[in-house]
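**Student:** For reference, the structure I am asking about is given below.
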Amino acid sequence: MKNIRIEYFAVLREQAGLDSETLSTAAETPQQLFAELNERYAFPQLQSVKVAINDEFADMQTPLHDGDAVVFIPPVAGG
Amino acid sequence: MKNIRIEYFAVLREQAGLDSETLSTAAETPQQLFAELNERYAFPQLQSVKVAINDEFADMQTPLHDGDAVVFIPPVAGG
Amino acid sequence: MLQFAIQDADLQPDQWRQELLDPACGGYASFEGWVRNHNDGEDVLRLEYQAYAALALKEGQRILAEAAEKFPIAHAKCVHRTGALEIGGMAVWVGVSGGHRDECFQACRYIIDEVKHRVPVWKKEHYRNGDSGWVNCEACAAGGDHDNGHRHD
Amino acid sequence: MLQFAIQDADLQPDQWRQELLDPACGGYASFEGWVRNHNDGEDVLRLEYQAYAALALKEGQRILAEAAEKFPIAHAKCVHRTGALEIGGMAVWVGVSGGHRDECFQACRYIIDEVKHRVPVWKKEHYRNGDSGWVNCEACAAGGDHDNGHRHD
């Protein structure tokens, strides 16, 4: 098990009902972690979701390490 | 003979040494009028010259009428 | 100067324009994104912008560096607003100065296009009919297809 | 609102921008032409703009009308300066507001391009070496070929 800090934004924040949390998880990748969170929070279906690990864009298959900070990024809509 | 008022701008004003003048001329068209003025003032050679009659763009072959106001337009360079 | 920023206070383009002045520059192009009173057939009352600031600043700065590499500009600055905005409010500002107008226009357009697609900022629209929705979020906004890249200015 | 103007006093973009505000508009693009300290390899000290005002106003207004016909913009304004300008001075300003950024950028670019080619305004450059010349005038400017459309911003 590893400790992962997760920060939520936009629709994910609204659905999770919190800004951030630290989770003890067996997930090996962001993909697995997102599936785990989705079971808990039942996020709305998104066209796409990207991920950032430690404030840099990363692949959904990147191995997660203990202490990583993860942010899932729904489709952006700035401007 | 017709009386034509001519206004000068930019390099033509500088070369003619005046802002405007009224000329009695036999010129039938702006083309002929420009040739007549060129003999008098020896304008520098221009890539092109356009003409306005009574504050609207016109053709160099447009017939001139008594009382017309004519402006010869060297290549523009705004902005 | 290449600078991307995010702020929760009103944008100040008149002030930032001064930072881009340069005696070697013959052109200055700018863009402002304003909150419209309608979108996708819905009357919009107000908007709310949220940013993942740490990553947004990095990505924004990368976009400005790309613009300066692609086009021979001198300076570029972009600032994105977060928080609540009323109709007519300014959500984003881009300013570019350079030797000639061509590179200024191209870089300015490049920056705003990339910022809209890549910088992690989200907006929630509040509609007259009481609904609200995060733009580009399929399941939460009324009216469906939010996949049209030209709809959100 | 579509308005072209010429004035002998400093341009006031901050003020004119306000005239283009519109709750139905999501975008605003603007361009400023600044006096550069060099052109064609020469050090420029100052510039002087002269306009054939009666025709310039008509032609400028026509250009704005064309822009509004070609692109679905809401408002556009363009003001050209005449008289003496120092380095860094603003010679021309264009502002466009519309529903989306695409039409704003395109109309803004169209307007400045057409204004530079069609509106009867001339500029005389005064160089550090003491020479001066009317830009685009073959025989009066030092250094010859002034037929390059991308040189004068």
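Numbering starts fresh at 1 for the residues of each chain in the structure tokens, the chains themselves are lettered A, B, ... in the order given, and ligands are numbered from 1 as they appear.
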Should the cut-off be 8 Å, what would the residue list for chain C against chain A look like, counting only C-alpha atoms, as a VMD selection string?

**Tutor:** chain C and resid 33 to 34 49 to 52 54 to 55 80 91 to 92 112 115 to 124 134 to 140 152 to 153

**Student:** Going by DSSP on the backbone, which residues of chain C come out as helix (DSSP H, G or I)? List them as a PyMOL selection string.

**Tutor:** chain C and resi 13-19+53-70+101-118

**Student:** Pull out every residue of chain C that has at least one atom within 10 Å of chain D, counting only C-alpha atoms, and report them as a PyMOL selection string.

**Tutor:** chain C and resi 13-14+21-39+86-102+104-106+108-109+112-113+150-153

**Student:** Would you mind exporting C-alpha atoms of the selected residues as a compact mmCIF listing (two decimals), in the first residue's frame?

**Tutor:**
# COMPACT_ATOMS: atom_id res chain seq x y z
CA PRO C 13 -4.59 45.12 -19.38
CA ASP C 14 -3.83 48.85 -19.46
CA LEU C 21 6.54 48.52 -24.71
CA ASP C 22 9.84 48.33 -26.58
CA PRO C 23 11.44 50.92 -28.88
CA ALA C 24 12.44 48.10 -31.25
CA CYS C 25 8.83 46.96 -31.67
CA GLY C 26 6.53 48.15 -34.43
CA GLY C 27 3.48 46.14 -33.49
CA TYR C 28 1.36 45.11 -30.54
CA ALA C 29 -1.54 42.63 -30.70
CA SER C 30 -3.80 41.77 -27.82
CA PHE C 31 -6.79 39.60 -27.09
CA GLU C 32 -9.35 39.67 -24.28
CA GLY C 33 -11.83 36.91 -23.50
CA TRP C 34 -15.08 38.34 -22.13
CA VAL C 35 -17.94 36.57 -20.36
CA ARG C 36 -20.84 36.46 -22.80
CA ASN C 37 -24.48 36.61 -21.77
CA HIS C 38 -25.25 33.46 -23.75
CA ASN C 39 -23.69 30.18 -24.73
CA GLU C 86 -20.17 38.65 -14.12
CA ILE C 87 -21.31 39.16 -17.72
CA GLY C 88 -18.82 41.41 -19.50
CA GLY C 89 -16.04 40.45 -17.11
CA MET C 90 -12.60 39.70 -18.52
CA ALA C 91 -11.58 36.07 -18.14
CA VAL C 92 -8.27 36.10 -19.97
CA TRP C 93 -5.89 38.62 -21.50
CA VAL C 94 -3.02 38.14 -23.97
CA GLY C 95 -0.59 40.83 -25.14
CA VAL C 96 2.26 40.45 -27.63
CA SER C 97 4.77 42.97 -28.98
CA GLY C 98 7.21 42.45 -31.81
CA GLY C 99 8.93 43.97 -34.79
CA HIS C 100 6.05 43.54 -37.22
CA ARG C 101 2.34 42.90 -37.07
CA ASP C 102 2.44 39.48 -38.68
CA CYS C 104 2.30 39.69 -33.22
CA PHE C 105 -1.03 38.48 -34.59
CA GLN C 106 0.17 34.92 -35.09
CA CYS C 108 -1.27 36.16 -29.93
CA ARG C 109 -3.61 33.74 -31.67
CA ILE C 112 -4.94 32.02 -26.70
CA ASP C 113 -5.71 28.87 -28.71
CA HIS C 150 -15.21 27.03 -31.50
CA ARG C 151 -17.99 27.55 -29.06
CA HIS C 152 -16.29 28.83 -25.96
CA ASP C 153 -14.69 32.18 -26.36

**Student:** When you draw a straight line from CA of Gln31 in chain B to CA of Lys50 in chain B, how long is it in Å?

**Tutor:**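 CA of Lys50 in chain B lies at a distance of 9.6 Å from CA of Gln31 in chain B.
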
**Student:** After a least-squares superposition on chain B using every in-order C-alpha pair, I'd like chain A written out as an mmCIF file with N, CA and C atoms, in the first residue's frame.

**Tutor:**
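Written out: superposed-v4.cif:
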data_model
loop_
_atom_site.group_PDB
_atom_site.id
_atom_site.type_symbol
_atom_site.label_atom_id
_atom_site.label_comp_id
_atom_site.auth_asym_id
_atom_site.auth_seq_id
_atom_site.Cartn_x
_atom_site.Cartn_y
_atom_site.Cartn_z
ATOM 1 N N MET A 1 -10.291 75.811 -71.731
ATOM 2 C CA MET A 1 -9.560 75.771 -70.448
ATOM 3 C C MET A 1 -10.524 75.593 -69.274
ATOM 4 N N LYS A 2 -10.092 74.811 -68.280
ATOM 5 C CA LYS A 2 -10.925 74.642 -67.079
ATOM 6 C C LYS A 2 -10.107 74.936 -65.831
ATOM 7 N N ASN A 3 -10.797 75.372 -64.807
ATOM 8 C CA ASN A 3 -10.123 75.613 -63.526
ATOM 9 C C ASN A 3 -10.179 74.354 -62.670
ATOM 10 N N ILE A 4 -9.007 73.888 -62.239
ATOM 11 C CA ILE A 4 -8.898 72.680 -61.418
ATOM 12 C C ILE A 4 -8.165 73.047 -60.138
ATOM 13 N N ARG A 5 -8.771 72.615 -59.010
ATOM 14 C CA ARG A 5 -8.072 72.832 -57.744
ATOM 15 C C ARG A 5 -7.281 71.566 -57.414
ATOM 16 N N ILE A 6 -6.001 71.746 -57.134
ATOM 17 C CA ILE A 6 -5.137 70.598 -56.846
ATOM 18 C C ILE A 6 -4.595 70.708 -55.427
ATOM 19 N N GLU A 7 -4.708 69.602 -54.689
ATOM 20 C CA GLU A 7 -4.134 69.568 -53.346
ATOM 21 C C GLU A 7 -2.980 68.576 -53.360
ATOM 22 N N TYR A 8 -1.890 68.934 -52.686
ATOM 23 C CA TYR A 8 -0.691 68.084 -52.686
ATOM 24 C C TYR A 8 -0.457 67.463 -51.321
ATOM 25 N N PHE A 9 0.037 66.221 -51.335
ATOM 26 C CA PHE A 9 0.391 65.546 -50.087
ATOM 27 C C PHE A 9 1.759 64.889 -50.203
ATOM 28 N N ALA A 10 2.378 64.722 -49.045
ATOM 29 C CA ALA A 10 3.612 63.938 -48.922
ATOM 30 C C ALA A 10 4.695 64.467 -49.869
ATOM 31 N N VAL A 11 5.338 63.548 -50.600
ATOM 32 C CA VAL A 11 6.484 63.940 -51.421
ATOM 33 C C VAL A 11 6.088 64.948 -52.507
ATOM 34 N N LEU A 12 4.846 64.867 -52.969
ATOM 35 C CA LEU A 12 4.402 65.807 -54.004
ATOM 36 C C LEU A 12 4.271 67.218 -53.424
ATOM 37 N N ARG A 13 3.774 67.305 -52.197
ATOM 38 C CA ARG A 13 3.660 68.600 -51.535
ATOM 39 C C ARG A 13 5.057 69.211 -51.338
ATOM 40 N N GLU A 14 5.980 68.344 -50.918
ATOM 41 C CA GLU A 14 7.333 68.825 -50.649
ATOM 42 C C GLU A 14 7.996 69.333 -51.922
ATOM 43 N N GLN A 15 7.788 68.576 -53.010
ATOM 44 C CA GLN A 15 8.448 68.942 -54.255
ATOM 45 C C GLN A 15 7.795 70.173 -54.902
ATOM 46 N N ALA A 16 6.472 70.248 -54.824
ATOM 47 C CA ALA A 16 5.771 71.399 -55.407
ATOM 48 C C ALA A 16 6.003 72.646 -54.563
ATOM 49 N N GLY A 17 6.253 72.424 -53.275
ATOM 50 C CA GLY A 17 6.480 73.573 -52.394
ATOM 51 C C GLY A 17 5.192 74.287 -52.013
ATOM 52 N N LEU A 18 4.073 73.612 -52.210
ATOM 53 C CA LEU A 18 2.800 74.207 -51.775
ATOM 54 C C LEU A 18 1.770 73.120 -51.463
ATOM 55 N N ASP A 19 0.796 73.519 -50.633
ATOM 56 C CA ASP A 19 -0.239 72.582 -50.200
ATOM 57 C C ASP A 19 -1.308 72.408 -51.267
ATOM 58 N N SER A 20 -1.631 73.513 -51.930
ATOM 59 C CA SER A 20 -2.688 73.439 -52.939
ATOM 60 C C SER A 20 -2.592 74.650 -53.861
ATOM 61 N N GLU A 21 -3.252 74.527 -54.996
ATOM 62 C CA GLU A 21 -3.291 75.638 -55.934
ATOM 63 C C GLU A 21 -4.475 75.418 -56.876
ATOM 64 N N THR A 22 -4.915 76.490 -57.524
ATOM 65 C CA THR A 22 -5.936 76.355 -58.556
ATOM 66 C C THR A 22 -5.309 76.725 -59.893
ATOM 67 N N LEU A 23 -5.498 75.803 -60.846
ATOM 68 C CA LEU A 23 -4.785 75.909 -62.111
ATOM 69 C C LEU A 23 -5.774 76.038 -63.259
ATOM 70 N N SER A 24 -5.464 76.842 -64.208
ATOM 71 C CA SER A 24 -6.231 76.886 -65.443
ATOM 72 C C SER A 24 -5.487 75.991 -66.438
ATOM 73 N N THR A 25 -6.182 74.937 -66.880
ATOM 74 C CA THR A 25 -5.466 73.934 -67.675
ATOM 75 C C THR A 25 -6.296 73.418 -68.845
ATOM 76 N N ALA A 26 -5.599 72.927 -69.853
ATOM 77 C CA ALA A 26 -6.267 72.317 -71.004
ATOM 78 C C ALA A 26 -6.329 70.793 -70.857
ATOM 79 N N ALA A 27 -5.750 70.284 -69.773
ATOM 80 C CA ALA A 27 -5.696 68.828 -69.585
ATOM 81 C C ALA A 27 -7.103 68.235 -69.566
ATOM 82 N N GLU A 28 -7.247 67.131 -70.293
ATOM 83 C CA GLU A 28 -8.558 66.479 -70.377
ATOM 84 C C GLU A 28 -8.748 65.411 -69.298
ATOM 85 N N THR A 29 -7.627 64.902 -68.804
ATOM 86 C CA THR A 29 -7.677 63.793 -67.846
ATOM 87 C C THR A 29 -6.647 64.032 -66.743
ATOM 88 N N PRO A 30 -6.794 63.315 -65.628
ATOM 89 C CA PRO A 30 -5.769 63.393 -64.580
ATOM 90 C C PRO A 30 -4.383 63.023 -65.126
ATOM 91 N N GLN A 31 -4.347 62.035 -65.996
ATOM 92 C CA GLN A 31 -3.081 61.616 -66.606
ATOM 93 C C GLN A 31 -2.377 62.807 -67.276
ATOM 94 N N GLN A 32 -3.140 63.533 -68.080
ATOM 95 C CA GLN A 32 -2.561 64.703 -68.768
ATOM 96 C C GLN A 32 -2.188 65.802 -67.776
ATOM 97 N N LEU A 33 -3.041 65.954 -66.759
ATOM 98 C CA LEU A 33 -2.772 66.993 -65.757
ATOM 99 C C LEU A 33 -1.483 66.680 -64.992
ATOM 100 N N PHE A 34 -1.309 65.395 -64.657
ATOM 101 C CA PHE A 34 -0.118 65.024 -63.902
ATOM 102 C C PHE A 34 1.146 65.265 -64.733
ATOM 103 N N ALA A 35 1.059 64.957 -66.025
ATOM 104 C CA ALA A 35 2.202 65.193 -66.910
ATOM 105 C C ALA A 35 2.548 66.685 -66.941
ATOM 106 N N GLU A 36 1.507 67.507 -66.991
ATOM 107 C CA GLU A 36 1.710 68.956 -67.009
ATOM 108 C C GLU A 36 2.383 69.435 -65.716
ATOM 109 N N LEU A 37 1.887 68.931 -64.580
ATOM 110 C CA LEU A 37 2.458 69.320 -63.284
ATOM 111 C C LEU A 37 3.889 68.816 -63.153
ATOM 112 N N ASN A 38 4.103 67.634 -63.692
ATOM 113 C CA ASN A 38 5.432 67.023 -63.600
ATOM 114 C C ASN A 38 6.471 67.855 -64.353
ATOM 115 N N GLU A 39 6.046 68.412 -65.450
ATOM 116 C CA GLU A 39 6.975 69.296 -66.186
ATOM 117 C C GLU A 39 7.341 70.516 -65.368
ATOM 118 N N ARG A 40 6.350 71.005 -64.633
ATOM 119 C CA ARG A 40 6.599 72.210 -63.841
ATOM 120 C C ARG A 40 7.431 71.921 -62.589
ATOM 121 N N TYR A 41 7.095 70.803 -61.889
ATOM 122 C CA TYR A 41 7.716 70.571 -60.577
ATOM 123 C C TYR A 41 8.786 69.477 -60.570
ATOM 124 N N ALA A 42 8.878 68.720 -61.646
ATOM 125 C CA ALA A 42 9.852 67.624 -61.682
ATOM 126 C C ALA A 42 9.739 66.724 -60.457
ATOM 127 N N PHE A 43 8.558 66.105 -60.294
ATOM 128 C CA PHE A 43 8.339 65.201 -59.161
ATOM 129 C C PHE A 43 9.313 64.034 -59.206
ATOM 130 N N PRO A 44 9.670 63.500 -58.034
ATOM 131 C CA PRO A 44 10.507 62.289 -58.057
ATOM 132 C C PRO A 44 9.723 61.140 -58.684
ATOM 133 N N GLN A 45 10.446 60.162 -59.212
ATOM 134 C CA GLN A 45 9.769 59.033 -59.835
ATOM 135 C C GLN A 45 9.061 58.192 -58.782
ATOM 136 N N LEU A 46 7.803 57.842 -59.002
ATOM 137 C CA LEU A 46 7.018 57.069 -58.048
ATOM 138 C C LEU A 46 6.693 55.708 -58.636
ATOM 139 N N GLN A 47 6.608 54.701 -57.737
ATOM 140 C CA GLN A 47 6.212 53.364 -58.194
ATOM 141 C C GLN A 47 4.858 53.408 -58.858
ATOM 142 N N SER A 48 3.991 54.236 -58.305
ATOM 143 C CA SER A 48 2.643 54.345 -58.847
ATOM 144 C C SER A 48 2.056 55.643 -58.342
ATOM 145 N N VAL A 49 1.090 56.141 -59.066
ATOM 146 C CA VAL A 49 0.362 57.308 -58.574
ATOM 147 C C VAL A 49 -1.115 57.098 -58.888
ATOM 148 N N LYS A 50 -1.946 57.301 -57.877
ATOM 149 C CA LYS A 50 -3.392 57.188 -58.064
ATOM 150 C C LYS A 50 -3.976 58.590 -58.020
ATOM 151 N N VAL A 51 -5.271 58.675 -58.303
ATOM 152 C CA VAL A 51 -5.878 59.997 -58.308
ATOM 153 C C VAL A 51 -7.239 59.950 -57.620
ATOM 154 N N ALA A 52 -7.570 61.056 -56.968
ATOM 155 C CA ALA A 52 -8.918 61.240 -56.439
ATOM 156 C C ALA A 52 -9.489 62.509 -57.062
ATOM 157 N N ILE A 53 -10.745 62.410 -57.496
ATOM 158 C CA ILE A 53 -11.447 63.597 -57.997
ATOM 159 C C ILE A 53 -12.609 63.865 -57.051
ATOM 160 N N ASN A 54 -12.675 65.068 -56.544
ATOM 161 C CA ASN A 54 -13.719 65.459 -55.587
ATOM 162 C C ASN A 54 -13.820 64.452 -54.439
ATOM 163 N N ASP A 55 -12.666 64.108 -53.897
ATOM 164 C CA ASP A 55 -12.556 63.238 -52.724
ATOM 165 C C ASP A 55 -13.081 61.819 -52.926
ATOM 166 N N GLU A 56 -13.011 61.320 -54.171
ATOM 167 C CA GLU A 56 -13.264 59.898 -54.416
ATOM 168 C C GLU A 56 -12.197 59.370 -55.375
ATOM 169 N N PHE A 57 -11.775 58.135 -55.140
ATOM 170 C CA PHE A 57 -10.822 57.543 -56.068
ATOM 171 C C PHE A 57 -11.383 57.563 -57.483
ATOM 172 N N ALA A 58 -10.530 57.826 -58.449
ATOM 173 C CA ALA A 58 -10.976 57.880 -59.838
ATOM 174 C C ALA A 58 -9.902 57.270 -60.737
ATOM 175 N N ASP A 59 -10.257 57.081 -61.993
ATOM 176 C CA ASP A 59 -9.303 56.551 -62.961
ATOM 177 C C ASP A 59 -8.483 57.701 -63.537
ATOM 178 N N MET A 60 -7.254 57.402 -63.913
ATOM 179 C CA MET A 60 -6.388 58.436 -64.476
ATOM 180 C C MET A 60 -6.895 58.921 -65.843
ATOM 181 N N GLN A 61 -7.856 58.191 -66.420
ATOM 182 C CA GLN A 61 -8.415 58.579 -67.721
ATOM 183 C C GLN A 61 -9.794 59.245 -67.607
ATOM 184 N N THR A 62 -10.285 59.406 -66.390
ATOM 185 C CA THR A 62 -11.587 60.062 -66.185
ATOM 186 C C THR A 62 -11.552 61.478 -66.773
ATOM 187 N N PRO A 63 -12.570 61.874 -67.534
ATOM 188 C CA PRO A 63 -12.598 63.253 -68.049
ATOM 189 C C PRO A 63 -12.687 64.258 -66.892
ATOM 190 N N LEU A 64 -11.892 65.302 -66.982
ATOM 191 C CA LEU A 64 -11.918 66.363 -65.958
ATOM 192 C C LEU A 64 -12.949 67.419 -66.324
ATOM 193 N N HIS A 65 -13.572 67.981 -65.309
ATOM 194 C CA HIS A 65 -14.544 69.052 -65.535
ATOM 195 C C HIS A 65 -14.116 70.309 -64.802
ATOM 196 N N ASP A 66 -14.567 71.443 -65.328
ATOM 197 C CA ASP A 66 -14.274 72.721 -64.691
ATOM 198 C C ASP A 66 -14.735 72.682 -63.229
ATOM 199 N N GLY A 67 -13.870 73.103 -62.338
ATOM 200 C CA GLY A 67 -14.240 73.152 -60.928
ATOM 201 C C GLY A 67 -13.889 71.889 -60.147
ATOM 202 N N ASP A 68 -13.383 70.844 -60.828
ATOM 203 C CA ASP A 68 -13.003 69.611 -60.118
ATOM 204 C C ASP A 68 -11.864 69.873 -59.127
ATOM 205 N N ALA A 69 -11.907 69.111 -58.026
ATOM 206 C CA ALA A 69 -10.795 69.117 -57.068
ATOM 207 C C ALA A 69 -10.033 67.813 -57.253
ATOM 208 N N VAL A 70 -8.754 67.932 -57.525
ATOM 209 C CA VAL A 70 -7.951 66.749 -57.854
ATOM 210 C C VAL A 70 -6.825 66.570 -56.835
ATOM 211 N N VAL A 71 -6.619 65.305 -56.422
ATOM 212 C CA VAL A 71 -5.485 64.971 -55.560
ATOM 213 C C VAL A 71 -4.753 63.784 -56.165
ATOM 214 N N PHE A 72 -3.458 63.934 -56.378
ATOM 215 C CA PHE A 72 -2.645 62.797 -56.817
ATOM 216 C C PHE A 72 -2.084 62.103 -55.588
ATOM 217 N N ILE A 73 -2.159 60.758 -55.615
ATOM 218 C CA ILE A 73 -1.867 59.965 -54.417
ATOM 219 C C ILE A 73 -0.656 59.080 -54.642
ATOM 220 N N PRO A 74 0.480 59.450 -54.067
ATOM 221 C CA PRO A 74 1.652 58.570 -54.149
ATOM 222 C C PRO A 74 1.404 57.322 -53.306
ATOM 223 N N PRO A 75 2.249 56.289 -53.425
ATOM 224 C CA PRO A 75 2.033 55.046 -52.660
ATOM 225 C C PRO A 75 1.867 55.357 -51.171
ATOM 226 N N VAL A 76 0.816 54.810 -50.574
ATOM 227 C CA VAL A 76 0.531 55.116 -49.174
ATOM 228 C C VAL A 76 1.415 54.282 -48.248
ATOM 229 N N ALA A 77 1.558 54.738 -47.023
ATOM 230 C CA ALA A 77 2.377 54.030 -46.041
ATOM 231 C C ALA A 77 1.884 54.366 -44.648
ATOM 232 N N GLY A 78 0.654 53.956 -44.363
ATOM 233 C CA GLY A 78 0.116 54.224 -43.033
ATOM 234 C C GLY A 78 0.620 53.232 -42.005
ATOM 235 N N GLY A 79 0.122 53.368 -40.801
ATOM 236 C CA GLY A 79 0.400 52.407 -39.725
ATOM 237 C C GLY A 79 1.798 52.448 -39.182
#

**Student:** How far is it from CA of Trp16 in chain D to CA of Trp16 in chain C, in Å with one decimal?

**Tutor:**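 Rounded to one decimal, the two atoms are 17.2 Å apart.
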